[in-house]
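A.B. asks: Got coords-v5.cif for you, mmCIF, C-alpha atoms; chains and numbers go by the auth columns:
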```cif
data_work
#
loop_
_atom_site.group_PDB
_atom_site.id
_atom_site.type_symbol
_atom_site.label_atom_id
_atom_site.label_comp_id
_atom_site.label_asym_id
_atom_site.label_seq_id
_atom_site.Cartn_x
_atom_site.Cartn_y
_atom_site.Cartn_z
_atom_site.B_iso_or_equiv
_atom_site.auth_seq_id
_atom_site.auth_asym_id
ATOM 1 C CA MET A 1 0.000 0.000 0.000 0.00 1 N
ATOM 2 C CA ARG A 2 1.050 3.482 -0.815 0.00 2 N
ATOM 3 C CA LYS A 3 1.101 6.210 1.702 0.00 3 N
ATOM 4 C CA ALA A 4 -0.382 9.554 0.626 0.00 4 N
ATOM 5 C CA PRO A 5 2.053 12.521 0.794 0.00 5 N
ATOM 6 C CA ALA A 6 1.591 14.860 3.693 0.00 6 N
ATOM 7 C CA ARG A 7 -0.055 18.161 2.864 0.00 7 N
ATOM 8 C CA GLU A 8 2.752 20.322 4.337 0.00 8 N
ATOM 9 C CA ASP A 9 5.381 18.682 2.025 0.00 9 N
ATOM 10 C CA ALA A 10 3.428 19.534 -1.140 0.00 10 N
ATOM 11 C CA GLY A 11 4.338 23.247 -1.016 0.00 11 N
ATOM 12 C CA PHE A 12 8.084 22.689 -0.766 0.00 12 N
ATOM 13 C CA LEU A 13 8.531 21.976 -4.463 0.00 13 N
ATOM 14 C CA MET A 14 7.202 25.403 -5.480 0.00 14 N
ATOM 15 C CA VAL A 15 9.293 27.258 -2.853 0.00 15 N
ATOM 16 C CA GLU A 16 12.414 25.334 -3.833 0.00 16 N
ATOM 17 C CA ALA A 17 11.825 26.109 -7.510 0.00 17 N
ATOM 18 C CA LEU A 18 11.400 29.833 -6.779 0.00 18 N
ATOM 19 C CA ILE A 19 14.572 29.904 -4.681 0.00 19 N
ATOM 20 C CA ALA A 20 16.498 28.132 -7.440 0.00 20 N
ATOM 21 C CA LEU A 21 15.212 30.669 -10.011 0.00 21 N
ATOM 22 C CA ALA A 22 16.216 33.563 -7.760 0.00 22 N
ATOM 23 C CA ILE A 23 19.738 32.155 -7.390 0.00 23 N
ATOM 24 C CA VAL A 24 20.059 31.642 -11.144 0.00 24 N
ATOM 25 C CA ALA A 25 18.857 35.237 -11.760 0.00 25 N
ATOM 26 C CA LEU A 26 21.462 36.620 -9.331 0.00 26 N
ATOM 27 C CA MET A 27 24.243 34.598 -10.947 0.00 27 N
ATOM 28 C CA ALA A 28 23.163 35.756 -14.427 0.00 28 N
ATOM 29 C CA GLY A 29 23.247 39.372 -13.237 0.00 29 N
ATOM 30 C CA VAL A 30 26.778 38.985 -11.908 0.00 30 N
ATOM 31 C CA VAL A 31 27.968 37.329 -15.120 0.00 31 N
ATOM 32 C CA PHE A 32 26.344 40.051 -17.259 0.00 32 N
ATOM 33 C CA GLU A 33 28.005 42.830 -15.219 0.00 33 N
ATOM 34 C CA THR A 34 31.421 41.149 -15.493 0.00 34 N
ATOM 35 C CA VAL A 35 31.161 40.675 -19.257 0.00 35 N
ATOM 36 C CA TRP A 36 30.004 44.292 -19.700 0.00 36 N
ATOM 37 C CA GLN A 37 32.969 45.617 -17.668 0.00 37 N
ATOM 38 C CA MET A 38 35.393 43.483 -19.692 0.00 38 N
ATOM 39 C CA GLY A 39 33.987 44.960 -22.905 0.00 39 N
ATOM 40 C CA GLN A 40 34.342 48.499 -21.551 0.00 40 N
ATOM 41 C CA THR A 41 37.958 47.825 -20.536 0.00 41 N
ATOM 42 C CA ALA A 42 38.798 46.429 -23.966 0.00 42 N
ATOM 43 C CA ALA A 43 37.245 49.434 -25.707 0.00 43 N
ATOM 44 C CA ARG A 44 39.139 51.857 -23.447 0.00 44 N
ATOM 45 C CA GLY A 45 42.401 50.007 -24.147 0.00 45 N
ATOM 46 C CA GLY A 46 41.824 50.228 -27.899 0.00 46 N
ATOM 47 C CA GLN A 47 41.126 53.944 -27.657 0.00 47 N
ATOM 48 C CA GLN A 48 44.320 54.503 -25.652 0.00 48 N
ATOM 49 C CA ARG A 49 46.367 52.568 -28.237 0.00 49 N
ATOM 50 C CA GLU A 50 44.958 54.781 -30.994 0.00 50 N
ATOM 51 C CA ALA A 51 45.729 57.886 -28.926 0.00 51 N
ATOM 52 C CA ILE A 52 49.342 56.808 -28.416 0.00 52 N
ATOM 53 C CA LEU A 53 49.760 56.208 -32.162 0.00 53 N
ATOM 54 C CA LEU A 54 48.287 59.643 -32.890 0.00 54 N
ATOM 55 C CA ALA A 55 50.558 61.286 -30.290 0.00 55 N
ATOM 56 C CA ARG A 56 53.634 59.609 -31.802 0.00 56 N
ATOM 57 C CA SER A 57 52.620 60.721 -35.276 0.00 57 N
ATOM 58 C CA VAL A 58 52.056 64.318 -34.182 0.00 58 N
ATOM 59 C CA MET A 59 55.349 64.282 -32.251 0.00 59 N
ATOM 60 C CA ALA A 60 57.220 63.012 -35.301 0.00 60 N
ATOM 61 C CA ALA A 61 55.652 65.681 -37.524 0.00 61 N
ATOM 62 C CA ALA A 62 56.485 68.426 -35.018 0.00 62 N
ATOM 63 C CA SER A 63 60.084 67.212 -34.594 0.00 63 N
ATOM 64 C CA VAL A 64 61.064 67.513 -38.251 0.00 64 N
ATOM 65 C CA ASP A 65 62.211 70.861 -39.622 0.00 65 N
ATOM 66 C CA THR A 66 60.968 71.133 -43.194 0.00 66 N
ATOM 67 C CA PRO A 67 60.355 74.010 -45.585 0.00 67 N
ATOM 68 C CA ALA A 68 56.653 73.083 -45.552 0.00 68 N
ATOM 69 C CA PRO A 69 54.358 74.898 -43.116 0.00 69 N
ATOM 70 C CA ALA A 70 54.757 73.844 -39.488 0.00 70 N
ATOM 71 C CA ILE A 71 52.198 71.523 -37.960 0.00 71 N
ATOM 72 C CA PRO A 72 49.423 73.521 -36.264 0.00 72 N
ATOM 73 C CA PRO A 73 49.467 73.717 -32.452 0.00 73 N
ATOM 74 C CA SER A 74 46.177 71.810 -32.171 0.00 74 N
ATOM 75 C CA GLY A 75 43.908 69.636 -34.244 0.00 75 N
ATOM 76 C CA ARG A 76 41.395 66.813 -34.345 0.00 76 N
ATOM 77 C CA ASP A 77 41.482 63.290 -35.652 0.00 77 N
ATOM 78 C CA GLY A 78 38.107 61.581 -35.455 0.00 78 N
ATOM 79 C CA ASP A 79 36.947 61.633 -31.843 0.00 79 N
ATOM 80 C CA MET A 80 40.374 62.666 -30.512 0.00 80 N
ATOM 81 C CA ALA A 81 41.814 66.170 -30.175 0.00 81 N
ATOM 82 C CA TRP A 82 45.536 66.858 -29.857 0.00 82 N
ATOM 83 C CA THR A 83 47.623 69.843 -28.786 0.00 83 N
ATOM 84 C CA ILE A 84 51.345 70.600 -29.055 0.00 84 N
ATOM 85 C CA VAL A 85 53.162 72.926 -26.679 0.00 85 N
ATOM 86 C CA SER A 86 56.746 73.923 -27.488 0.00 86 N
ATOM 87 C CA THR A 87 58.872 75.872 -25.010 0.00 87 N
ATOM 88 C CA ALA A 88 62.559 76.783 -24.751 0.00 88 N
ATOM 89 C CA TYR A 89 64.622 74.310 -22.743 0.00 89 N
ATOM 90 C CA GLY A 90 67.520 75.390 -20.531 0.00 90 N
ATOM 91 C CA GLU A 91 69.398 78.659 -20.683 0.00 91 N
ATOM 92 C CA GLY A 92 70.739 78.298 -24.205 0.00 92 N
ATOM 93 C CA GLY A 93 74.438 78.078 -23.428 0.00 93 N
ATOM 94 C CA ALA A 94 76.996 76.947 -25.985 0.00 94 N
ATOM 95 C CA GLY A 95 75.725 74.651 -28.706 0.00 95 N
ATOM 96 C CA ARG A 96 72.394 74.387 -30.395 0.00 96 N
ATOM 97 C CA PRO A 97 69.273 75.463 -28.506 0.00 97 N
ATOM 98 C CA LEU A 98 66.805 72.846 -27.364 0.00 98 N
ATOM 99 C CA ARG A 99 63.023 73.010 -27.228 0.00 99 N
ATOM 100 C CA GLU A 100 60.631 70.943 -25.128 0.00 100 N
ATOM 101 C CA LEU A 101 57.732 69.368 -26.994 0.00 101 N
ATOM 102 C CA HIS A 102 54.599 68.234 -25.174 0.00 102 N
ATOM 103 C CA VAL A 103 51.874 66.421 -27.112 0.00 103 N
ATOM 104 C CA VAL A 104 48.572 65.741 -25.355 0.00 104 N
ATOM 105 C CA VAL A 105 45.774 63.694 -26.930 0.00 105 N
ATOM 106 C CA ARG A 106 42.309 63.988 -25.387 0.00 106 N
ATOM 107 C CA ASP A 107 38.922 62.443 -25.964 0.00 107 N
ATOM 108 C CA ALA A 108 37.199 65.290 -27.813 0.00 108 N
ATOM 109 C CA ALA A 109 33.783 64.608 -26.281 0.00 109 N
ATOM 110 C CA ALA A 110 34.732 63.897 -22.657 0.00 110 N
ATOM 111 C CA GLY A 111 37.968 65.922 -22.459 0.00 111 N
ATOM 112 C CA THR A 112 39.858 63.154 -20.656 0.00 112 N
ATOM 113 C CA VAL A 113 43.578 62.757 -21.396 0.00 113 N
ATOM 114 C CA LEU A 114 44.230 59.564 -23.347 0.00 114 N
ATOM 115 C CA ALA A 115 47.959 59.978 -24.056 0.00 115 N
ATOM 116 C CA ARG A 116 50.777 62.406 -23.314 0.00 116 N
ATOM 117 C CA LEU A 117 54.260 62.454 -24.835 0.00 117 N
ATOM 118 C CA ASP A 118 57.151 64.736 -23.846 0.00 118 N
ATOM 119 C CA SER A 119 60.377 65.113 -25.800 0.00 119 N
ATOM 120 C CA LEU A 120 63.277 67.429 -26.606 0.00 120 N
ATOM 121 C CA LYS A 121 63.934 68.866 -30.063 0.00 121 N
ATOM 122 C CA VAL A 122 66.919 70.709 -31.448 0.00 122 N
ATOM 123 C CA GLY A 123 65.604 74.218 -31.932 0.00 123 N
ATOM 124 C CA SER A 124 66.433 76.663 -34.668 0.00 124 N
#
```
Before we go any further, please render this structure as structure tokens.

C.D. replies:
Amino acid sequence: MRKAPAREDAGFLMVEALIALAIVALMAGVVFETVWQMGQTAARGGQQREAILLARSVMAAASVDTPAPAIPPSGRDGDMAWTIVSTAYGEGGAGRPLRELHVVVRDAAAGTVLARLDSLKVGS
């Protein structure tokens, strides 16, 4: 003979299923947040790599003395804006004068600094 299940045990299956669903929902939320943050970090890293390449390019163009017009002190490339600051370096003793070059690349929309390069250039 079979014994009929007790009435108080019948409700446990529904409560257990709801608890299991709540746990799965929490775990899915944590996984989603982690994946989203990883994507943001990768995008930020790519943007910083592009900014460093732009800063190197601008630095190279500003470091070369050519008969062509000098590179402008600021400009934009896509969603990045760059500026060049050139100042005299030292007291200009014997020898050729030096100039300090500072290139800063910023996110044009947010204004945050993405890359900064500093160098010395033989002045004229």

A.B. asks: Pick out the residues sitting within 7 Å of Asp107 of chain N, and hand them over as a ChimeraX atom specification; count only C-alpha atoms, and ignore anything fewer than 5 positions along from it in its own chain.

C.D. replies: /N:79-81,112-114

A.B. asks: If you keep C-alpha atoms, can you produce a file of those selected residues as a PDB file, in the frame of the given file?

C.D. replies:
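Dumped to out_8.pdb:
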```
ATOM      1  CA  ASP N  79      36.947  61.633 -31.843  1.00  0.00           C
ATOM      2  CA  MET N  80      40.374  62.666 -30.512  1.00  0.00           C
ATOM      3  CA  ALA N  81      41.814  66.170 -30.175  1.00  0.00           C
ATOM      4  CA  THR N 112      39.858  63.154 -20.656  1.00  0.00           C
ATOM      5  CA  VAL N 113      43.578  62.757 -21.396  1.00  0.00           C
ATOM      6  CA  LEU N 114      44.230  59.564 -23.347  1.00  0.00           C
TER       7      LEU N 114
END
```

A.B. asks: So how far away is atom CA of Ile71 of chain N from atom CA of Pro97 of chain N, in Å?

C.D. replies: 19.9 Å

A.B. asks: Using all atoms listed in the file, find the one residue out of N:Val30, N:Leu120, N:Ala25, N:Ser74 that sits nearest to Leu98 of chain N.

C.D. replies: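 Result for the nearest residue to Leu98 of chain N: N:Leu120.
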
A.B. asks: For atom CA of Ala62 of chain N and atom CA of Ala88 of chain N, determine how far apart the two atoms are, in Å to one decimal place.

C.D. replies: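 Atom CA of Ala62 of chain N sits 14.6 Å away from atom CA of Ala88 of chain N.
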
A.B. asks: Could you check which of N:Thr83, N:Ala115, N:Gln47, N:Val122 is closest to Gly95 of chain N, using only C-alpha atoms?

C.D. replies: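 Checking each candidate against Gly95 of chain N, we get N:Val122 as the closest.
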
A.B. asks: Counting all atoms listed in the file, which of N:Val104, N:Ala60, N:Ile52, N:Leu26 gets nearest to Gly75 of chain N?

C.D. replies: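 Counting all atoms listed in the file, the residue closest to Gly75 of chain N is N:Val104.
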
A.B. asks: Figure out the distance between atom CA of His102 of chain N and atom CA of Thr87 of chain N, please, to one decimal in Å.

C.D. replies: 8.8 Å

A.B. asks: Just checking: using only C-alpha atoms, which residue out of N:Gly29, N:Gly46, N:Pro73, N:Gly78 ends up closest to Leu101 of chain N?

C.D. replies: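 Among the listed residues, N:Pro73 lies closest to Leu101 of chain N.
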
A.B. asks: Give the answer as one residue: which of N:Asp65, N:Pro72, N:Gly45, N:Met59 has the shortest atom-to-atom distance to Glu100 of chain N, using only C-alpha atoms?

C.D. replies: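 For Glu100 of chain N, the nearest of the candidates is N:Met59.
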
A.B. asks: Pick out the residues sitting within 10 Å of Asp77 of chain N, and hand them over as a PyMOL selection string; count all atoms listed in the file, and ignore anything fewer than 3 positions along from it in its own chain.

C.D. replies: chain N and resi 51+54+80-82+105+108

A.B. asks: Can you pull out every residue within 8 Å of Val103 of chain N, counting all atoms listed in the file, but drop anything in the same chain fewer than 3 positions away, and send it as a list of chain:residue names?

C.D. replies: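 After dropping sequence-adjacent residues, the list is N:Ala55, N:Val58, N:Met59, N:Trp82, N:Thr83, N:Ile84, N:Val85, N:Arg116, N:Leu117, N:Asp118.
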